[in-house]
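Chemist: Following this message is one structure expressed as structure tokens.
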2 protein chains.
Amino acid sequence: MRIGELSRRTGVPTRLLRYYEEQDLLRPERGANGYRSYAESAVADVRQIRGLLDSGLTTEMIRAILPYLGGPGELHPPAECVTPQTAALLQDHLLRIQSRIDCLTRNRDRLSAYLAAVRPQSGGR
Amino acid sequence: MRIGELSRRTGVPTRLLRYYEEQDLLRPERGANGYRSYAESAVADVRQIRGLLDSGLTTEMIRAILPYLGGPGELHPPAECVTPQTAALLQDHLLRIQSRIDCLTRNRDRLSAYLAAVRPQSGGR
DNA sequence: CTTGACCTTCACACTGATGTCAGACTCCGA
DNA sequence: TCGGAGTCTGACATCAGTGTGAAGGTCAAG
């Protein structure tokens with residue numbers, strides 16, 4: 001699919017899709033006319049990238065971990081290609097992600113408890 | 001305490017402490033000489049702010065929820081002061097935080113699974 | 001062939017978070 | 001009283017992510 005369709009299907013402006021490519025997060029094929037050509041899986045990839053960006057990861061961090069985040073049946077870099085340095089880097093990212101989760105969870109619970117205390121009757125909207 | 005000590009005790013540059021004040025996240029007193037004077041609790045406040053910023057929240061979002069995140073014994077705005085609009089806003093922030101948690105958790109699990117597969121001998125941390 | 005929708009690259013601009021520097025003031029100790 | 005450390009404000013710089021527009025190429029429908 002071309003960039004416009006991918007944009008429509010993900011809600012992400014074409015500008016950003018090009019930017020993600022520049023940042024090496026997406027790697028569309030190119031047609032003979034120079035147009036980008038995305039695989040079907042790019043839709044999920046873009047959603048993945050957006051979620052991570054929204055969660056405070058930088059494109060650099062995402063670039064580092066993206067190859068290892070594929071779904072269950074996907075191709076990952078095989079173990080032989082993962083140097084101890086890379087593994088250490090991933091481990092480090094993992095810790096950072098975990099600390100973000102901890103912080104957000106802690107504050108979600110606090111906020112949630114406060115809301116519950118303030119509107120004990122509220123059953124949502 | 002003055003800004004330098006707060007900076008040393010939190011590891012956050014004075015520049016940022018002033019920025020957080022500008023963003024209305026901190027409200028130090030002012031001495032007769034114009035110097036900022038922080039309460040002891042500011043240390044915890046700054047750590048809280050840093051954690052939330054690192055987790056991808058903007059100062060705007062933090063400003064919105066910060067008054068409601070105090071520890072168990074702390075003073076919160078009482079229920080009478082919380083309009084339905086405010087409550088709805090907080091509920092909205094809560095959802096956003098939850099979706100970040102979900103995204104990060106998903107990716108933590110994937111990354112973690114990958115690492116476990118690649119280095120089966122490693123016992124995690 | 002023309003038009004319009006889509007695509008290309010390039011470039012400038014903005015925002016939010018942060019770094020850095022300059023010039024001036026306060027305070028404290030030698 | 002002087003000097004240095006700390007503080008003040010204000011301004012400019014940087015970086016990532018994003019918005020926007022110009023100038024032009026591709027292509028299908030009329």
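Residues are referred to by chain and number: the chain letter is A, B, ... according to the order shown in the structure tokens, the number counts from 1 in that chain, and ligands are numbered separately from 1 in the order shown.
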For the contact check between chain D and chain B, emit one row per residue of chain D within 8 Å, containing the shortest atom pair and the distance in Å rounded to one decimal, counting only C-alpha atoms (C1' of nucleotides), chain then rising number order, as CSV.
Modeler:
residue,atom,partner,partner_atom,distance
D:DG6,C1',B:Gly4,CA,7.7
D:DT7,C1',B:Tyr35,CA,6.4
D:DC8,C1',B:Gly34,CA,7.4
Chemist: Using N, CA, C and O atoms (P, O5', C5', C4', C3', O3' and C1' of nucleotides), can you export the residues from the last selection as an mmCIF file, in the first residue's frame?
Modeler:
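What landed in again.cif:
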data_model
loop_
_atom_site.group_PDB
_atom_site.id
_atom_site.type_symbol
_atom_site.label_atom_id
_atom_site.label_comp_id
_atom_site.auth_asym_id
_atom_site.auth_seq_id
_atom_site.Cartn_x
_atom_site.Cartn_y
_atom_site.Cartn_z
ATOM 1 P P DG D 6 28.378 27.225 46.005
ATOM 2 O "O5'" DG D 6 26.994 28.028 45.965
ATOM 3 C "C5'" DG D 6 26.421 28.471 47.185
ATOM 4 C "C4'" DG D 6 25.322 29.469 46.890
ATOM 5 C "C3'" DG D 6 24.323 29.000 45.830
ATOM 6 O "O3'" DG D 6 23.039 28.872 46.439
ATOM 7 C "C1'" DG D 6 24.974 31.256 45.497
ATOM 8 P P DT D 7 21.803 28.314 45.591
ATOM 9 O "O5'" DT D 7 21.053 29.614 45.041
ATOM 10 C "C5'" DT D 7 20.577 30.603 45.948
ATOM 11 C "C4'" DT D 7 20.223 31.865 45.196
ATOM 12 C "C3'" DT D 7 19.308 31.669 43.995
ATOM 13 O "O3'" DT D 7 17.949 31.786 44.410
ATOM 14 C "C1'" DT D 7 21.003 33.326 43.618
ATOM 15 P P DC D 8 16.808 31.694 43.250
ATOM 16 O "O5'" DC D 8 16.912 33.082 42.451
ATOM 17 C "C5'" DC D 8 16.442 34.264 43.070
ATOM 18 C "C4'" DC D 8 16.586 35.438 42.126
ATOM 19 C "C3'" DC D 8 15.946 35.211 40.757
ATOM 20 O "O3'" DC D 8 14.589 35.599 40.782
ATOM 21 C "C1'" DC D 8 18.125 36.187 40.529
#
Chemist: Cα-based RMSD, chain B fitted onto chain A, all atoms paired in sequence order: value?
Modeler: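 In short, the RMSD is 0.9 Å.
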Chemist: Might you pull out every residue within 12 Å of A:Val118, with only C-alpha atoms (C1' of nucleotides) counted and same-chain residues fewer than 2 positions away left off, and present them as JSON, numbers by chain?
Modeler: {"A": [111, 112, 113, 114, 115, 116, 120, 121, 122], "B": [68, 76, 77, 78, 79, 80, 81, 82, 83, 84, 86, 87, 88, 90, 91]}
Chemist: Can you list every residue of chain C that has an atom at most 8 Å from chain A, with its nearest atom pair and the distance in Å to one decimal, using only C-alpha atoms (C1' of nucleotides), ordered by chain then number, as JSON lines?
Modeler:
{"residue": "C:DC6", "atom": "C1'", "partner": "A:Gly4", "partner_atom": "CA", "distance": 7.8}
{"residue": "C:DC7", "atom": "C1'", "partner": "A:Tyr35", "partner_atom": "CA", "distance": 6.2}
{"residue": "C:DT8", "atom": "C1'", "partner": "A:Gly34", "partner_atom": "CA", "distance": 7.2}
Chemist: Give me the residues within 9 Å of A:Tyr38 as JSON, numbers by chain, counting only C-alpha atoms (C1' of nucleotides) and dropping any in the same chain fewer than 5 places off.
Modeler: {"A": [1, 2, 3, 6, 26, 27, 28, 29, 30, 43]}
Chemist: Where does DSSP see strand (DSSP E) in chain A, if you list the residues as a VMD selection string?
Modeler: chain A and resid 29 to 30 36 to 37
Chemist: Leaving out D:DC2 and any residue of its chain fewer than 2 positions from it, which residues lie within 12 Å of it when counting only C-alpha atoms (C1' of nucleotides), given as a ChimeraX atom specification?
Modeler: /C:28-30 /D:4
Chemist: I'd like the neighbourhood of C:DA11 as an NGL selection string, where a residue qualifies if any of its atoms comes within 12 Å (using only C-alpha atoms (C1' of nucleotides)), though same-chain residues fewer than 3 positions away should be ignored.
Modeler: :D and (20-23)
Chemist: Counting only C-alpha atoms, which of A:Val46, A:Leu52, A:Leu89, A:Met61 gets nearest to chain B?
Modeler: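 When distances to chain B are compared using only C-alpha atoms, the smallest one comes from A:Leu52.
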Chemist: In terms of the shortest atom-to-atom distance over only C-alpha atoms, which of A:Gln48, A:Ser37, A:Thr59, A:Gln85 is closest to chain B?
Modeler: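 Between A:Gln48, A:Ser37, A:Thr59, A:Gln85, the residue approaching chain B most closely is A:Gln48.
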Chemist: Could you check how far atom C1' of C:DA17 sits from atom CA of B:Glu21, in Å to one decimal?
Modeler: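 Answer for the atom C1' of C:DA17 to atom CA of B:Glu21 separation: 13.6 Å.
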Chemist: Calculate how many Å separate atom C1' of C:DA22 from atom C1' of D:DT1, rounding to one decimal.
Modeler: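 It comes out at 25.8 Å.
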